[in-house]
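One file, my_file23.tsv, is given below (TSV, C-alpha atoms).
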chain	number	residue	atom	x	y	z
A	1	MET	CA	29.13	14.92	16.69
A	2	PRO	CA	31.62	12.05	16.15
A	3	ARG	CA	34.93	13.35	14.82
A	4	PRO	CA	34.78	11.64	11.36
A	5	PHE	CA	31.39	13.22	10.55
A	6	ALA	CA	32.59	16.60	11.81
A	7	LEU	CA	35.64	16.41	9.53
A	8	ILE	CA	33.53	15.42	6.52
A	9	ARG	CA	31.10	18.27	7.16
A	10	ALA	CA	33.93	20.79	7.58
A	11	ARG	CA	35.61	19.67	4.35
A	12	LEU	CA	32.34	19.91	2.41
A	13	ALA	CA	31.51	23.33	3.82
A	14	GLU	CA	34.97	24.87	3.30
A	15	PRO	CA	34.66	25.62	-0.47
A	16	GLY	CA	31.27	27.23	0.06
A	17	VAL	CA	32.56	29.43	2.88
A	18	ARG	CA	35.51	30.62	0.77
A	19	GLY	CA	33.22	31.26	-2.20
A	20	ARG	CA	30.79	33.36	-0.17
A	21	ARG	CA	33.64	35.53	1.09
A	22	ARG	CA	34.90	36.25	-2.42
A	23	SER	CA	31.65	36.53	-4.41
A	24	GLY	CA	28.68	38.80	-3.76
A	25	LEU	CA	26.55	36.60	-6.01
A	26	LEU	CA	27.27	33.51	-3.89
A	27	ARG	CA	26.40	35.44	-0.74
A	28	ARG	CA	22.88	35.84	-2.11
A	29	ILE	CA	22.37	32.08	-2.32
A	30	PRO	CA	20.30	30.86	0.67
A	31	PRO	CA	22.06	28.73	3.28
A	32	LEU	CA	22.20	24.98	2.70
A	33	HIS	CA	19.64	24.44	5.48
A	34	ASP	CA	17.07	26.52	3.55
A	35	LEU	CA	17.90	24.87	0.23
A	36	LEU	CA	17.35	21.43	1.74
A	37	GLU	CA	13.97	22.51	3.08
A	38	LEU	CA	12.98	23.83	-0.35
A	39	ALA	CA	14.10	20.58	-2.00
A	40	ALA	CA	12.05	18.55	0.48
A	41	ARG	CA	8.93	20.61	-0.22
A	42	ILE	CA	9.45	20.19	-3.97
A	43	GLY	CA	9.80	16.45	-3.33
A	44	TYR	CA	6.47	16.25	-1.51
A	45	GLY	CA	4.89	18.15	-4.39
A	46	ALA	CA	6.37	15.74	-6.96
A	47	ARG	CA	5.06	12.77	-4.99
A	48	GLY	CA	1.63	14.39	-4.87
A	49	PHE	CA	1.66	15.02	-8.62
A	50	VAL	CA	2.49	11.37	-9.39
A	51	TYR	CA	-0.22	9.95	-7.12
A	52	LEU	CA	-2.77	12.49	-8.27
A	53	SER	CA	-2.05	11.59	-11.91
A	54	ALA	CA	-2.29	7.86	-11.19
A	55	GLY	CA	-5.53	8.33	-9.26
A	56	VAL	CA	-7.15	10.29	-12.06
A	57	LEU	CA	-6.12	7.69	-14.66
A	58	ILE	CA	-7.44	4.83	-12.48
A	59	LEU	CA	-10.72	6.70	-11.97
A	60	LEU	CA	-11.09	7.28	-15.72
A	61	ALA	CA	-10.40	3.58	-16.32
A	62	ALA	CA	-13.06	2.64	-13.75
A	63	VAL	CA	-15.70	4.60	-15.67
A	64	ASP	CA	-14.41	3.33	-19.05
A	65	LEU	CA	-13.23	6.71	-20.31
A	66	VAL	CA	-9.69	5.42	-20.94
A	67	GLY	CA	-8.18	1.97	-21.43
A	68	ASP	CA	-6.81	-0.23	-18.69
A	69	ALA	CA	-5.84	1.10	-15.27
A	70	VAL	CA	-2.20	1.96	-14.67
A	71	GLY	CA	-0.12	2.11	-11.52
A	72	ILE	CA	2.37	4.71	-10.38
A	73	ARG	CA	5.01	3.80	-12.98
A	74	GLY	CA	2.29	3.54	-15.61
A	75	ALA	CA	1.27	7.12	-14.85
A	76	LEU	CA	4.81	8.21	-15.72
A	77	ASP	CA	4.65	6.21	-18.96
A	78	TRP	CA	1.34	7.89	-19.83
A	79	LEU	CA	2.73	11.31	-19.01
A	80	ALA	CA	5.79	10.74	-21.21
A	81	GLN	CA	3.49	10.22	-24.21
A	82	ARG	CA	1.70	13.57	-23.80
A	83	PRO	CA	2.78	16.85	-25.46
A	84	LEU	CA	5.91	18.15	-23.74
A	85	GLY	CA	5.91	14.82	-21.90
A	86	ARG	CA	9.70	14.62	-21.62
A	87	VAL	CA	9.78	18.02	-19.94
A	88	TRP	CA	7.16	16.96	-17.41
A	89	VAL	CA	8.88	13.62	-16.75
A	90	PHE	CA	12.24	15.36	-16.28
A	91	LEU	CA	10.75	17.76	-13.73
A	92	VAL	CA	8.98	14.93	-11.90
A	93	GLY	CA	12.21	12.92	-11.85
A	94	LEU	CA	14.07	15.84	-10.30
A	95	GLY	CA	11.32	16.34	-7.74
A	96	LEU	CA	11.35	12.67	-6.78
A	97	ALA	CA	15.14	12.78	-6.48
A	98	ALA	CA	14.72	15.70	-4.08
A	99	PHE	CA	12.24	13.62	-2.09
A	100	VAL	CA	14.74	10.75	-1.93
A	101	MET	CA	17.30	13.18	-0.51
A	102	TRP	CA	14.80	14.16	2.19
A	103	ARG	CA	14.11	10.50	2.98
A	104	VAL	CA	17.86	9.99	3.46
A	105	LEU	CA	17.96	12.90	5.90
A	106	GLN	CA	14.98	11.42	7.75
A	107	ALA	CA	16.16	7.81	7.85
A	108	VAL	CA	19.91	8.20	8.27
A	109	PHE	CA	20.31	11.56	9.99
A	110	ASP	CA	16.99	11.58	11.89
A	111	ALA	CA	15.63	14.86	10.54
A	112	ASP	CA	12.30	14.21	12.30
A	113	HIS	CA	13.99	13.53	15.66
A	114	GLU	CA	12.49	10.05	15.97
A	115	GLY	CA	15.46	8.92	18.07
A	116	THR	CA	16.90	5.44	18.48
A	117	SER	CA	14.08	3.80	20.43
A	118	ARG	CA	12.40	0.74	18.94
A	119	HIS	CA	9.55	2.86	17.56
A	120	GLY	CA	11.95	5.51	16.29
A	121	LEU	CA	14.16	3.01	14.50
A	122	ALA	CA	11.11	1.31	12.98
A	123	THR	CA	9.90	4.66	11.67
A	124	ARG	CA	13.31	5.47	10.21
A	125	LEU	CA	13.51	2.02	8.62
A	126	GLY	CA	10.16	2.66	6.95
A	127	GLN	CA	11.48	5.98	5.67
A	128	ALA	CA	14.52	4.18	4.28
A	129	PHE	CA	12.34	1.68	2.38
A	130	SER	CA	10.28	4.60	1.09
A	131	GLY	CA	13.47	6.28	-0.08
A	132	PHE	CA	14.51	3.16	-2.03
A	133	SER	CA	11.11	2.95	-3.75
A	134	TYR	CA	11.10	6.60	-4.78
A	135	ALA	CA	14.72	6.33	-5.93
A	136	ALA	CA	13.61	3.54	-8.27
A	137	LEU	CA	10.68	5.68	-9.44
A	138	SER	CA	12.97	8.66	-10.03
A	139	PHE	CA	15.34	6.44	-12.03
A	140	ALA	CA	12.38	5.18	-14.04
A	141	ALA	CA	11.35	8.75	-14.82
A	142	PHE	CA	14.82	9.65	-16.07
A	143	SER	CA	14.99	6.43	-18.12
A	144	LEU	CA	11.89	7.61	-20.01
A	145	LEU	CA	13.96	10.53	-21.31
A	146	ILE	CA	16.11	7.98	-23.18
A	147	ARG	CA	13.34	5.65	-24.32
A	148	ALA	CA	9.76	6.82	-24.08
A	149	PRO	CA	7.14	4.02	-24.27
A	150	GLU	CA	5.41	3.76	-27.62
A	151	GLY	CA	2.61	1.35	-26.75
A	152	ASP	CA	-0.10	1.07	-24.12
A	153	PRO	CA	1.39	1.98	-20.70
A	154	ALA	CA	-0.64	-0.80	-19.04
A	155	VAL	CA	0.79	-3.44	-21.41
A	156	GLU	CA	4.28	-2.00	-21.06
A	157	GLY	CA	4.01	-2.32	-17.29
A	158	VAL	CA	3.06	-6.01	-17.44
A	159	ILE	CA	5.88	-6.82	-19.88
A	160	ARG	CA	8.40	-4.98	-17.73
A	161	SER	CA	7.26	-6.76	-14.55
A	162	ARG	CA	7.45	-10.19	-16.18
A	163	GLU	CA	10.94	-9.51	-17.54
A	164	GLN	CA	12.09	-8.50	-14.07
A	165	ALA	CA	10.49	-11.61	-12.56
A	166	ALA	CA	12.19	-13.85	-15.14
A	167	THR	CA	15.54	-12.27	-14.25
A	168	VAL	CA	14.95	-12.96	-10.56
A	169	LEU	CA	13.85	-16.56	-11.18
A	170	ALA	CA	17.08	-17.19	-13.11
A	171	LEU	CA	19.12	-16.42	-9.99
A	172	PRO	CA	20.10	-19.02	-7.38
A	173	PHE	CA	17.13	-19.40	-5.01
A	174	GLY	CA	15.27	-17.06	-7.38
A	175	LYS	CA	11.95	-18.72	-6.53
A	176	TRP	CA	12.27	-17.78	-2.88
A	177	ILE	CA	13.62	-14.33	-3.68
A	178	LEU	CA	10.46	-13.68	-5.70
A	179	VAL	CA	8.30	-15.03	-2.86
A	180	GLY	CA	10.17	-12.73	-0.49
A	181	ALA	CA	9.55	-9.78	-2.81
A	182	GLY	CA	5.83	-10.58	-2.80
A	183	LEU	CA	5.75	-10.82	0.98
A	184	THR	CA	7.61	-7.50	1.20
A	185	ILE	CA	5.00	-5.88	-1.05
A	186	PHE	CA	2.29	-7.37	1.19
A	187	GLY	CA	4.05	-6.02	4.29
A	188	ILE	CA	4.27	-2.54	2.78
A	189	GLY	CA	0.58	-2.61	1.91
A	190	ALA	CA	-0.45	-3.88	5.34
A	191	ALA	CA	1.79	-1.32	7.05
A	192	ASN	CA	0.07	1.49	5.16
A	193	VAL	CA	-3.34	0.29	6.32
A	194	VAL	CA	-2.19	-0.03	9.94
A	195	ARG	CA	-0.53	3.36	9.77
A	196	ALA	CA	-3.78	4.90	8.52
A	197	TRP	CA	-5.54	3.89	11.75
A	198	ARG	CA	-2.77	4.46	14.25
A	199	GLU	CA	-0.79	7.52	13.18
A	200	ASP	CA	-1.54	11.17	13.80
A	201	PHE	CA	-0.73	12.61	10.36
A	202	THR	CA	-1.14	16.18	11.58
A	203	GLU	CA	1.69	15.83	14.08
A	204	TYR	CA	4.22	17.17	11.59
A	205	LEU	CA	2.03	19.89	10.08
A	206	ALA	CA	2.44	23.57	10.95
A	207	CYS	CA	-1.17	24.58	10.35
A	208	SER	CA	-4.16	25.62	12.41
A	209	ALA	CA	-6.15	23.03	14.34
A	210	LYS	CA	-9.12	23.63	12.02
A	211	THR	CA	-7.04	22.99	8.91
A	212	CYS	CA	-5.44	19.91	10.45
A	213	ARG	CA	-8.86	18.41	11.24
A	214	ARG	CA	-9.91	18.92	7.63
A	215	VAL	CA	-6.83	17.37	6.01
A	216	SER	CA	-6.37	14.40	8.34
A	217	PRO	CA	-9.08	12.29	6.57
A	218	LEU	CA	-7.20	12.78	3.29
A	219	ALA	CA	-4.10	11.19	4.79
A	220	ARG	CA	-5.99	8.26	6.30
A	221	THR	CA	-8.00	7.60	3.15
A	222	GLY	CA	-4.90	7.84	0.98
A	223	HIS	CA	-2.85	5.43	3.07
A	224	ILE	CA	-5.67	2.86	3.21
A	225	ALA	CA	-6.14	3.02	-0.57
A	226	ARG	CA	-2.42	2.80	-1.24
A	227	GLY	CA	-2.05	-0.13	1.15
A	228	LEU	CA	-4.99	-2.12	-0.22
A	229	ALA	CA	-3.86	-1.53	-3.81
A	230	TYR	CA	-0.63	-3.44	-3.13
A	231	LEU	CA	-2.32	-6.56	-1.70
A	232	PRO	CA	-3.54	-8.19	-4.96
A	233	LEU	CA	-0.16	-7.49	-6.57
A	234	ALA	CA	1.60	-9.09	-3.59
A	235	ALA	CA	-0.56	-12.22	-3.86
A	236	LEU	CA	0.21	-12.61	-7.57
A	237	VAL	CA	3.96	-12.17	-7.03
A	238	VAL	CA	3.99	-14.77	-4.21
A	239	LEU	CA	2.06	-17.27	-6.36
A	240	ALA	CA	4.41	-16.64	-9.28
A	241	GLY	CA	7.37	-17.37	-7.04
A	242	LEU	CA	5.84	-20.56	-5.64
A	243	LYS	CA	5.00	-21.79	-9.16
A	244	SER	CA	8.27	-20.45	-10.66
A	245	GLU	CA	6.22	-18.85	-13.44
A	246	ALA	CA	7.25	-15.32	-14.45
A	247	SER	CA	4.14	-15.11	-16.62
A	248	ASP	CA	2.00	-15.01	-13.46
A	249	VAL	CA	3.62	-11.74	-12.37
A	250	THR	CA	1.81	-8.59	-13.33
A	251	SER	CA	1.98	-4.85	-12.76
A	252	LEU	CA	0.12	-2.77	-10.18
A	253	GLY	CA	-2.16	-1.48	-12.92
A	254	ALA	CA	-2.98	-4.99	-14.17
A	255	ALA	CA	-3.64	-6.14	-10.60
A	256	LEU	CA	-6.12	-3.31	-10.26
A	257	GLU	CA	-7.70	-4.38	-13.55
A	258	ALA	CA	-8.15	-7.86	-12.06
A	259	VAL	CA	-10.00	-6.26	-9.17
A	260	GLU	CA	-12.23	-4.38	-11.63
A	261	ARG	CA	-13.30	-7.66	-13.25
A	262	GLN	CA	-14.80	-8.88	-9.97
A	263	PRO	CA	-18.43	-8.21	-8.94
A	264	ALA	CA	-18.78	-4.48	-8.19
A	265	GLY	CA	-15.15	-4.19	-9.27
A	266	SER	CA	-15.62	-0.86	-11.03
A	267	TRP	CA	-16.97	0.68	-7.84
A	268	ILE	CA	-14.08	-0.74	-5.82
A	269	LEU	CA	-11.60	0.58	-8.38
A	270	ALA	CA	-13.22	4.01	-8.32
A	271	VAL	CA	-13.01	4.15	-4.51
A	272	GLY	CA	-9.34	3.15	-4.70
A	273	ALA	CA	-8.72	5.84	-7.31
A	274	LEU	CA	-10.25	8.47	-5.03
A	275	GLY	CA	-7.92	7.22	-2.30
A	276	PHE	CA	-4.90	7.73	-4.56
A	277	ILE	CA	-6.16	11.23	-5.34
A	278	ALA	CA	-6.56	11.89	-1.61
A	279	PHE	CA	-2.98	10.73	-0.98
A	280	GLY	CA	-1.73	13.02	-3.73
A	281	ALA	CA	-3.71	15.94	-2.31
A	282	PHE	CA	-2.29	15.34	1.16
A	283	SER	CA	1.23	15.28	-0.30
A	284	PHE	CA	0.60	18.80	-1.65
A	285	ILE	CA	-0.57	19.82	1.81
A	286	GLU	CA	2.63	18.40	3.27
A	287	ALA	CA	4.62	20.36	0.68
A	288	ARG	CA	3.04	23.52	2.07
A	289	PHE	CA	2.61	22.90	5.79
A	290	ARG	CA	4.99	20.14	6.88
A	291	ARG	CA	7.54	21.01	9.53
A	292	ILE	CA	10.82	20.35	7.76
A	293	ARG	CA	13.94	20.61	9.88
A	294	PRO	CA	17.02	19.49	7.96
A	295	PRO	CA	19.65	18.31	10.47
A	296	ARG	CA	22.48	20.74	10.97
A	297	ASP	CA	24.75	17.95	12.22
A	298	LEU	CA	25.29	14.90	10.02
A	299	ASN	CA	25.12	12.45	12.89
A	300	PRO	CA	23.28	9.15	12.18
A	301	LEU	CA	22.92	8.46	15.90
A	302	GLY	CA	20.84	11.62	16.46

Show me the file's structure as structure tokens.
Amino acid sequence: MPRPFALIRARLAEPGVRGRRRSGLLRRIPPLHDLLELAARIGYGARGFVYLSAGVLILLAAVDLVGDAVGIRGALDWLAQRPLGRVWVFLVGLGLAAFVMWRVLQAVFDADHEGTSRHGLATRLGQAFSGFSYAALSFAAFSLLIRAPEGDPAVEGVIRSREQAATVLALPFGKWILVGAGLTIFGIGAANVVRAWREDFTEYLACSAKTCRRVSPLARTGHIARGLAYLPLAALVVLAGLKSEASDVTSLGAALEAVERQPAGSWILAVGALGFIAFGAFSFIEARFRRIRPPRDLNPLG
């Protein structure tokens, strides 16, 4: 390990070592390695809960049992309006923060031992982008503790997206920044679809071969649905940037609603909702069976 990282790790560990020597209660606390693994599993569970909630709400919207469809952030808004909603949102926010911590360990400190090859660095870069997105979602969850939405979550999502787009357009080269954001969303969606076909999702699972065969379709279906859901949103954001019109920007939920208005749109939306549910279910499976090996050495170069 490079000397600076070794010194940082030693300094951080020193108070804990002294405390364990002096206190029997502290000696009962599991080692940091085990606590990090527990936090990562909680994070996968929180991710699963959010996607499962969004999938159920989208499915109910497709069969006209609730109002408009909502996206991932909209699911948090909806949850905040339920009884004990602030408690649920707080717990989800903590879980997502734990997942962000795990993404940092994966991307920066190579917890999955991807290495520094081209493929390994690409994987770690994807994990870093994922960490940023879930950090924003965790922040959004905590912000709901200060101001819970009072209106329709779908409408709130559109208003929020247009306000953010207007802020971007007001910046120098804001038009092209917004176009770049749309292309990034498109790239994330396309990458999820490609990943669904190419990746072996059971590689990191510590389960029997029979169980792995059963859960693999959940992962593939979930990634395809998640990837395709981003594509209409990406197109609308790119067009808004090219036209410099913030009013053309919409939320993920509203983009899904636009899909529902097309011929056979309700069926397409229902299939997408089942994909979100599958992704959430696979996240719960990862929370239980994923091989999680927090790095013992904080060395970004692996």

**Request:** Could you check which of A:Leu91, A:Ile292, A:Leu228, A:Leu218 is closest to Phe279 of chain A, using only C-alpha atoms?
**Result:** A:Leu218

**Item:** Distance query segment 187-192 of chain A at most 12 Å, all atoms listed in the file, self and fewer than 6 positions along chain excluded, as a ChimeraX atom specification
**Value:** /A:122-123,125-127,129-130,133,180-181,198-199,219-235,279

**Message:** Using all atoms listed in the file, which protein or nucleic acid residues come within 12 Å of segment 58-65 of chain A? Drop anything in the same chain fewer than 2 positions from it, and give the result as a ChimeraX atom specification.
**Reply:** /A:51-56,67-72,74-75,78,154,229,252-261,264-277

Prev. selection, C-alpha atoms, output as an mmCIF file, in the frame of the given file:
data_model
loop_
_atom_site.group_PDB
_atom_site.id
_atom_site.type_symbol
_atom_site.label_atom_id
_atom_site.label_comp_id
_atom_site.auth_asym_id
_atom_site.auth_seq_id
_atom_site.Cartn_x
_atom_site.Cartn_y
_atom_site.Cartn_z
ATOM 1 C CA TYR A 51 -0.220 9.950 -7.120
ATOM 2 C CA LEU A 52 -2.770 12.490 -8.270
ATOM 3 C CA SER A 53 -2.050 11.590 -11.910
ATOM 4 C CA ALA A 54 -2.290 7.860 -11.190
ATOM 5 C CA GLY A 55 -5.530 8.330 -9.260
ATOM 6 C CA VAL A 56 -7.150 10.290 -12.060
ATOM 7 C CA GLY A 67 -8.180 1.970 -21.430
ATOM 8 C CA ASP A 68 -6.810 -0.230 -18.690
ATOM 9 C CA ALA A 69 -5.840 1.100 -15.270
ATOM 10 C CA VAL A 70 -2.200 1.960 -14.670
ATOM 11 C CA GLY A 71 -0.120 2.110 -11.520
ATOM 12 C CA ILE A 72 2.370 4.710 -10.380
ATOM 13 C CA GLY A 74 2.290 3.540 -15.610
ATOM 14 C CA ALA A 75 1.270 7.120 -14.850
ATOM 15 C CA TRP A 78 1.340 7.890 -19.830
ATOM 16 C CA ALA A 154 -0.640 -0.800 -19.040
ATOM 17 C CA ALA A 229 -3.860 -1.530 -3.810
ATOM 18 C CA LEU A 252 0.120 -2.770 -10.180
ATOM 19 C CA GLY A 253 -2.160 -1.480 -12.920
ATOM 20 C CA ALA A 254 -2.980 -4.990 -14.170
ATOM 21 C CA ALA A 255 -3.640 -6.140 -10.600
ATOM 22 C CA LEU A 256 -6.120 -3.310 -10.260
ATOM 23 C CA GLU A 257 -7.700 -4.380 -13.550
ATOM 24 C CA ALA A 258 -8.150 -7.860 -12.060
ATOM 25 C CA VAL A 259 -10.000 -6.260 -9.170
ATOM 26 C CA GLU A 260 -12.230 -4.380 -11.630
ATOM 27 C CA ARG A 261 -13.300 -7.660 -13.250
ATOM 28 C CA ALA A 264 -18.780 -4.480 -8.190
ATOM 29 C CA GLY A 265 -15.150 -4.190 -9.270
ATOM 30 C CA SER A 266 -15.620 -0.860 -11.030
ATOM 31 C CA TRP A 267 -16.970 0.680 -7.840
ATOM 32 C CA ILE A 268 -14.080 -0.740 -5.820
ATOM 33 C CA LEU A 269 -11.600 0.580 -8.380
ATOM 34 C CA ALA A 270 -13.220 4.010 -8.320
ATOM 35 C CA VAL A 271 -13.010 4.150 -4.510
ATOM 36 C CA GLY A 272 -9.340 3.150 -4.700
ATOM 37 C CA ALA A 273 -8.720 5.840 -7.310
ATOM 38 C CA LEU A 274 -10.250 8.470 -5.030
ATOM 39 C CA GLY A 275 -7.920 7.220 -2.300
ATOM 40 C CA PHE A 276 -4.900 7.730 -4.560
ATOM 41 C CA ILE A 277 -6.160 11.230 -5.340
#

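Remark: for Ala80 of chain A, the closest of the candidate residues A:Lys243, A:Arg147, A:Arg103, A:Arg291 is A:Arg147 (distances computed over only C-alpha atoms).
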
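The interatomic distance for the pair atom CA of His113 of chain A and atom CA of Phe284 of chain A works out to 22.5 Å.
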